[in-house]
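Worksheet for the structure shown next.
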Amino acid sequence: MKKEMIKLLLSHNVISEEDAEKLDSINDENIEKSIKELGFGKTEHITKEKITKNLETEVMGKEILCFRKVFSTNSIAKFLANHSAEEGTVLISEIQTKAKGRLGKKWESPEGGVWMSLILRPKVPPAKIGLITLATGVAIAKSIKSLGVDAKIKWPNDVLIHGDKISGVLTEVNATFNDIDWVVVGVGIDSNLKLEDFSEDIRIGTTTLTEELPTKVDENELISIFLNEFEEIYNLYKDGKTETILKDWRDLSDTIGKYVNITQTGGKVTQGYVVGINNEGNLIIERQDGTLEKIISGELRTVE
């Protein structure tokens, strides 16, 4: 992780090639300071000042770092989370060059989208981590719906419009058996983008707010809307009031009631109808023989 941060600073000419070669001698605190300075630098259209103008949160956005271009906001967030970053720190980049989605999948992040990561430090059992992804999906879907678009959620981490993906969530955790040190939630929303902004293989099954709305979206305003929604839902999560989150997720679900094919870790494939999710956010599948199976994680594909 430290090497990646050195490469980031090197790519922005914050440090020299000579300094970069002396990796072991570079203090982590100095790297952290340089990254934050980079996050307070010049951007084209997303700024902390514009975001905070409509922000009504107490914790989310306590510190906001806005970058012009980085490899991945999640990578930076994980580095900062391992040091002094407080809960509610938000990292945003106008462009990401090496972002990844779930299962290491390619995630294109050209200019015009909303690409951000949130640093969280919830005092909850590690078994409850899966609900953060669902809660984030609810916050994204509600934010998009507030713009007049009928957004739905596909388990476990995608937000759809008319069946096409417009947003995704990548949750990464540092935890022991009993305690959570930090959670980094990466959020990507295809906002002011056209389909031709993506490579050809990404366009199928993808949509953007530009494709769905008659006018351009203010990305700063969209980020504010999302952070306001997320803090409200996250507070419910921390207080153990997960029934509200689960109800909202079920109401917004594009998955419940559909016949699906799920490939789990290790290659096991399960087919059946989705009958719902349980209190931990696990998917419940009714197989063809009538038995029920709990799915904790996997790659879901709807079978038409």
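Starting from 1 in every chain, residues are counted up; chains themselves are A, B, ... following the order of the structure tokens, and ligands are numbered from 1 as listed.
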
So which bits of segment 63-258 of chain A end up strand (DSSP E or B) when you DSSP the backbone, as a ChimeraX atom specification? /A:63-70,89-96,100,106,109,111,113-120,151-154,158-161,164-175,180-189,206,253

Taking a cut-off of 10 Å and counting only C-alpha atoms, can you build a table that, for each residue of segment 195-234 of chain A near segment 118-137 of chain A, reports the nearest atom pair and how far apart they are in Å (one decimal), sorted by chain then residue number, as a tab-separated table?
residue	atom	partner	partner_atom	distance
A:Phe226	CA	A:Thr136	CA	9.2
A:Leu227	CA	A:Leu118	CA	9.5
A:Glu229	CA	A:Thr136	CA	9.1
A:Phe230	CA	A:Thr136	CA	6.5
A:Glu231	CA	A:Thr136	CA	9.7
A:Ile233	CA	A:Ala135	CA	6.5
A:Tyr234	CA	A:Ala135	CA	7.1

For the selection you just gave me, I'd like the residues written to a file as a CSV table (one decimal), in the first residue's frame, keeping N, CA and C atoms.
chain,number,residue,atom,x,y,z
A,226,PHE,N,-26.1,12.5,-1.5
A,226,PHE,CA,-25.8,11.2,-1.1
A,226,PHE,C,-25.2,11.1,0.3
A,227,LEU,N,-24.3,12.1,0.7
A,227,LEU,CA,-23.8,12.1,2.0
A,227,LEU,C,-24.8,12.3,3.1
A,229,GLU,N,-28.0,11.5,2.8
A,229,GLU,CA,-28.8,10.2,2.8
A,229,GLU,C,-28.0,9.1,3.6
A,230,PHE,N,-26.7,9.1,3.3
A,230,PHE,CA,-25.9,8.0,3.8
A,230,PHE,C,-25.8,8.2,5.4
A,231,GLU,N,-25.5,9.4,5.8
A,231,GLU,CA,-25.4,9.6,7.3
A,231,GLU,C,-26.6,9.2,8.0
A,233,ILE,N,-28.9,6.9,7.1
A,233,ILE,CA,-29.0,5.4,7.1
A,233,ILE,C,-27.9,4.8,8.0
A,234,TYR,N,-26.7,5.4,7.9
A,234,TYR,CA,-25.5,4.8,8.7
A,234,TYR,C,-25.8,5.0,10.2

Open item on the list: Using only C-alpha atoms, which protein or nucleic acid residues come within 8 Å of Val303 of chain A? Drop anything in the same chain fewer than 5 positions from it, and give the result as a PyMOL selection string.
Closed with: chain A and resi 258-261

Please produce an output containing C-alpha atoms for each residue in the selection, written as a PDB file, in the first residue's frame.
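Ended up saving to result-v4.pdb:
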ATOM      1  CA  LYS A 258     -36.478 -13.137  -9.816  1.00  0.00           C
ATOM      2  CA  TYR A 259     -34.978 -16.429 -10.927  1.00  0.00           C
ATOM      3  CA  VAL A 260     -31.215 -16.113 -10.626  1.00  0.00           C
ATOM      4  CA  ASN A 261     -27.933 -17.899 -11.097  1.00  0.00           C
TER       5      ASN A 261
END

If you count only C-alpha atoms, the residue of A:Ser117, A:Thr302, A:Thr270, A:Asn82 closest to Asp181 of chain A turns out to be A:Asn82

Min atom-atom distance to Lys62 of chain A from the set A:Thr89, A:Asn220, A:Ser199, A:Thr171, counting only C-alpha atoms, belongs to A:Thr89

- prompt: Per DSSP on the backbone, what are the alpha helix (DSSP H) residues of segment 29-180 of chain A, as JSON, numbers by chain?
  reply: {"A": [29, 30, 31, 32, 33, 34, 35, 36, 37, 38, 39, 48, 49, 50, 51, 52, 73, 74, 75, 76, 77, 78, 79, 80, 81, 130, 131, 132, 133, 134, 135, 136, 137, 138, 139, 140, 141, 142, 143, 144, 145]}

Who sits within 9 Å of Lys42 of chain A, only C-alpha atoms, same chain under 3 positions skipped, as a short mmCIF file (atom, residue, chain, number, x, y, z; two decimals) with N, CA, C and O atoms, in the first residue's frame:
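Printed below is out20.cif as written:
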data_model
loop_
_atom_site.label_atom_id
_atom_site.label_comp_id
_atom_site.auth_asym_id
_atom_site.auth_seq_id
_atom_site.Cartn_x
_atom_site.Cartn_y
_atom_site.Cartn_z
N LEU A 38 -2.36 17.08 -1.50
CA LEU A 38 -2.81 16.82 -2.87
C LEU A 38 -4.33 16.88 -2.95
O LEU A 38 -4.90 17.37 -3.93
N GLY A 39 -4.99 16.41 -1.89
CA GLY A 39 -6.45 16.43 -1.85
C GLY A 39 -7.04 17.81 -1.61
O GLY A 39 -8.26 18.00 -1.74
N THR A 47 -15.52 20.42 -5.86
CA THR A 47 -14.76 21.08 -4.79
C THR A 47 -15.44 20.89 -3.44
O THR A 47 -16.65 20.71 -3.36
N CYS A 66 -10.49 16.35 -2.24
CA CYS A 66 -10.90 16.30 -3.65
C CYS A 66 -9.65 16.28 -4.53
O CYS A 66 -8.82 17.20 -4.47
N PHE A 67 -9.53 15.23 -5.32
CA PHE A 67 -8.38 15.07 -6.21
C PHE A 67 -8.79 15.26 -7.67
O PHE A 67 -9.92 14.97 -8.03
N ARG A 68 -7.85 15.71 -8.45
CA ARG A 68 -8.10 15.79 -9.90
C ARG A 68 -8.02 14.40 -10.53
O ARG A 68 -8.91 13.98 -11.25
#

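For the set A:Met1, A:Ile202, A:Ile245, A:Ala81, the residue with the smallest atom-to-atom gap to Val138 of chain A is A:Ile245, counting only C-alpha atoms.
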
| query | Please, what distance in Å, to one decimal, runs between atom CA of Asn157 of chain A and atom CA of Ala141 of chain A? | reply |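 Atom-to-atom, atom CA of Asn157 of chain A and atom CA of Ala141 of chain A are spaced 11.0 Å apart.
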
For the atom pair atom CA of Lys142 of chain A and atom CA of Ile204 of chain A, what is the interatomic distance in Å to one decimal place?
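Atom-to-atom, atom CA of Lys142 of chain A to atom CA of Ile204 of chain A, that is 24.1 Å.
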
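Close contacts of Asn74 of chain A, defined as residues with an atom at most 8 Å away when counting only C-alpha atoms, with chain neighbours fewer than 5 positions off set aside, comprise Met116, Ser117, Val184, Val185 and Gly186 of chain A.
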
Can I get the selected residues back with all heavy atoms, as a CSV table (one decimal), in the first residue's frame?
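Output (part_36.csv):
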chain,number,residue,atom,x,y,z
A,116,MET,N,-15.9,8.2,-5.3
A,116,MET,CA,-15.6,8.6,-4.0
A,116,MET,C,-15.4,7.4,-3.0
A,116,MET,O,-16.0,6.3,-3.3
A,116,MET,CB,-16.6,9.6,-3.4
A,116,MET,CG,-17.9,9.0,-3.2
A,116,MET,SD,-19.0,10.3,-2.5
A,116,MET,CE,-20.5,10.0,-3.4
A,117,SER,N,-14.8,7.6,-1.9
A,117,SER,CA,-14.6,6.6,-0.9
A,117,SER,C,-14.9,7.3,0.5
A,117,SER,O,-14.5,8.4,0.7
A,117,SER,CB,-13.2,6.0,-0.9
A,117,SER,OG,-13.0,5.3,-2.1
A,184,VAL,N,-13.8,0.9,4.5
A,184,VAL,CA,-13.8,1.8,3.4
A,184,VAL,C,-14.9,1.4,2.4
A,184,VAL,O,-14.9,0.3,2.0
A,184,VAL,CB,-12.4,1.8,2.7
A,184,VAL,CG1,-12.4,2.6,1.4
A,184,VAL,CG2,-11.4,2.5,3.7
A,185,VAL,N,-15.8,2.4,2.2
A,185,VAL,CA,-16.8,2.1,1.2
A,185,VAL,C,-16.6,3.0,0.0
A,185,VAL,O,-16.6,4.2,0.0
A,185,VAL,CB,-18.2,2.5,1.8
A,185,VAL,CG1,-19.3,2.3,0.8
A,185,VAL,CG2,-18.5,1.7,3.1
A,186,GLY,N,-16.3,2.3,-1.1
A,186,GLY,CA,-16.1,3.0,-2.4
A,186,GLY,C,-17.5,3.1,-3.2
A,186,GLY,O,-18.2,2.1,-3.2

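Atom to atom, atom CA of Ser146 of chain A and atom CA of Ala99 of chain A stand 27.1 Å apart.
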
Point out the residue among A:Thr207, A:Ser11, A:Ser191, A:Ser224 with the least atom-to-atom distance to Val90 of chain A, counting only C-alpha atoms.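 Of A:Thr207, A:Ser11, A:Ser191, A:Ser224, the one nearest Val90 of chain A is A:Ser224, counting only C-alpha atoms.
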